[in-house]
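Participant: Attaching a single structure in structure tokens format; questions to follow.
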Amino acid sequence: MLPVMVGYGPPNLCFLELGRLKKPMSEWGPQNCPTSLVKLWLFDEPCLSNFRQLSNLFPSSLTELFIREFYKLESLSMGLQHLTSLQHLTISFCPKVKDLPDAVTFTFEFEDH
């Protein structure tokens, strides 16, 4: 995957895939993602345990979020609150996830192997 600096992409960007980064996403500062971003795939973030650490990075316009290979991720509920347009959430290869939102209005798909 080519390196991408979130917030400096084209203003009509609607899909972004991020993973296997040298600097963990949790260490990024606030980003200015375009509101056109509706689909985000995140993978291979080995150190993150709480999704709230990433909540300031993504716009509320997201309708699809794919999270894969976050092996230490335990909590999602607090980091998803501002994603008011979210319709589909896929969680794959995140074996420690146990804290999910109480009011679920989207689909969860779990794989843990």
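Naming works like this for the structure tokens: A, B, ... for the chains as they're shown, residue 1 at the start of each chain, ligands 1 onward in shown order.
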Do a neighbour search on range 51-53 of chain A at 10 Å with only C-alpha atoms, toss out local chain neighbours closer than 6 positions, and write the hits as a PyMOL selection string.
Facilitator: chain A and resi 25-28+70+73-81
Participant: Please produce a file of the residues just selected, as a short mmCIF file (atom, residue, chain, number, x, y, z; two decimals), in the first residue's frame, where the atoms kept are N, CA and C atoms.
Facilitator:
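Done, and the output landed in again21.cif:
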```
data_model
loop_
_atom_site.label_atom_id
_atom_site.label_comp_id
_atom_site.auth_asym_id
_atom_site.auth_seq_id
_atom_site.Cartn_x
_atom_site.Cartn_y
_atom_site.Cartn_z
N MET A 25 -1.29 4.46 14.32
CA MET A 25 -2.35 5.45 14.16
C MET A 25 -2.64 6.16 15.47
N SER A 26 -2.50 5.47 16.58
CA SER A 26 -2.79 6.06 17.89
C SER A 26 -1.83 7.20 18.24
N GLU A 27 -0.72 7.32 17.53
CA GLU A 27 0.25 8.39 17.79
C GLU A 27 0.07 9.57 16.85
N TRP A 28 -0.87 9.50 15.93
CA TRP A 28 -1.13 10.62 15.03
C TRP A 28 -1.82 11.72 15.80
N PHE A 70 -6.39 -6.07 14.75
CA PHE A 70 -6.10 -5.24 15.92
C PHE A 70 -6.08 -6.21 17.10
N LEU A 73 -6.96 -4.90 20.66
CA LEU A 73 -8.16 -4.08 20.79
C LEU A 73 -9.19 -4.77 21.68
N GLU A 74 -9.62 -4.07 22.74
CA GLU A 74 -10.60 -4.60 23.67
C GLU A 74 -11.90 -3.80 23.66
N SER A 75 -11.81 -2.50 23.44
CA SER A 75 -12.98 -1.63 23.58
C SER A 75 -13.25 -0.86 22.29
N LEU A 76 -14.51 -0.89 21.86
CA LEU A 76 -14.94 -0.16 20.67
C LEU A 76 -15.99 0.90 20.98
N SER A 77 -16.82 0.69 21.98
CA SER A 77 -18.03 1.49 22.16
C SER A 77 -17.77 2.99 22.29
N MET A 78 -16.78 3.41 23.05
CA MET A 78 -16.53 4.84 23.24
C MET A 78 -15.95 5.50 22.00
N GLY A 79 -15.31 4.78 21.14
CA GLY A 79 -14.70 5.36 19.96
C GLY A 79 -15.61 5.47 18.76
N LEU A 80 -16.80 4.90 18.84
CA LEU A 80 -17.71 4.90 17.70
C LEU A 80 -18.84 5.92 17.84
N GLN A 81 -18.97 6.57 18.97
CA GLN A 81 -20.11 7.43 19.25
C GLN A 81 -20.32 8.54 18.23
#
```
Participant: List the spatial neighbours of range 83-93 of chain A as a PyMOL selection string - criterion: any atom at most 12 Å away, only C-alpha atoms, same-chain residues fewer than 3 positions off excluded.
Facilitator: chain A and resi 35-46+52+54-80+96-98+100-101+104-113
Participant: Can you check which residues of range 4-109 of chain A DSSP gives as strand (DSSP E or B) on the backbone and send them as a list in words?
Facilitator: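 These are the residues in question: Phe15, Leu16, Glu17, Leu18, Gly19, Lys39, Leu40, Trp41, Leu42, Phe43, Asn50, Glu64, Leu65, Phe66, Ile67, Arg68, Ser75, His88, Leu89, Thr90, Ile91, Ser92, Asp99 and Thr107 of chain A.
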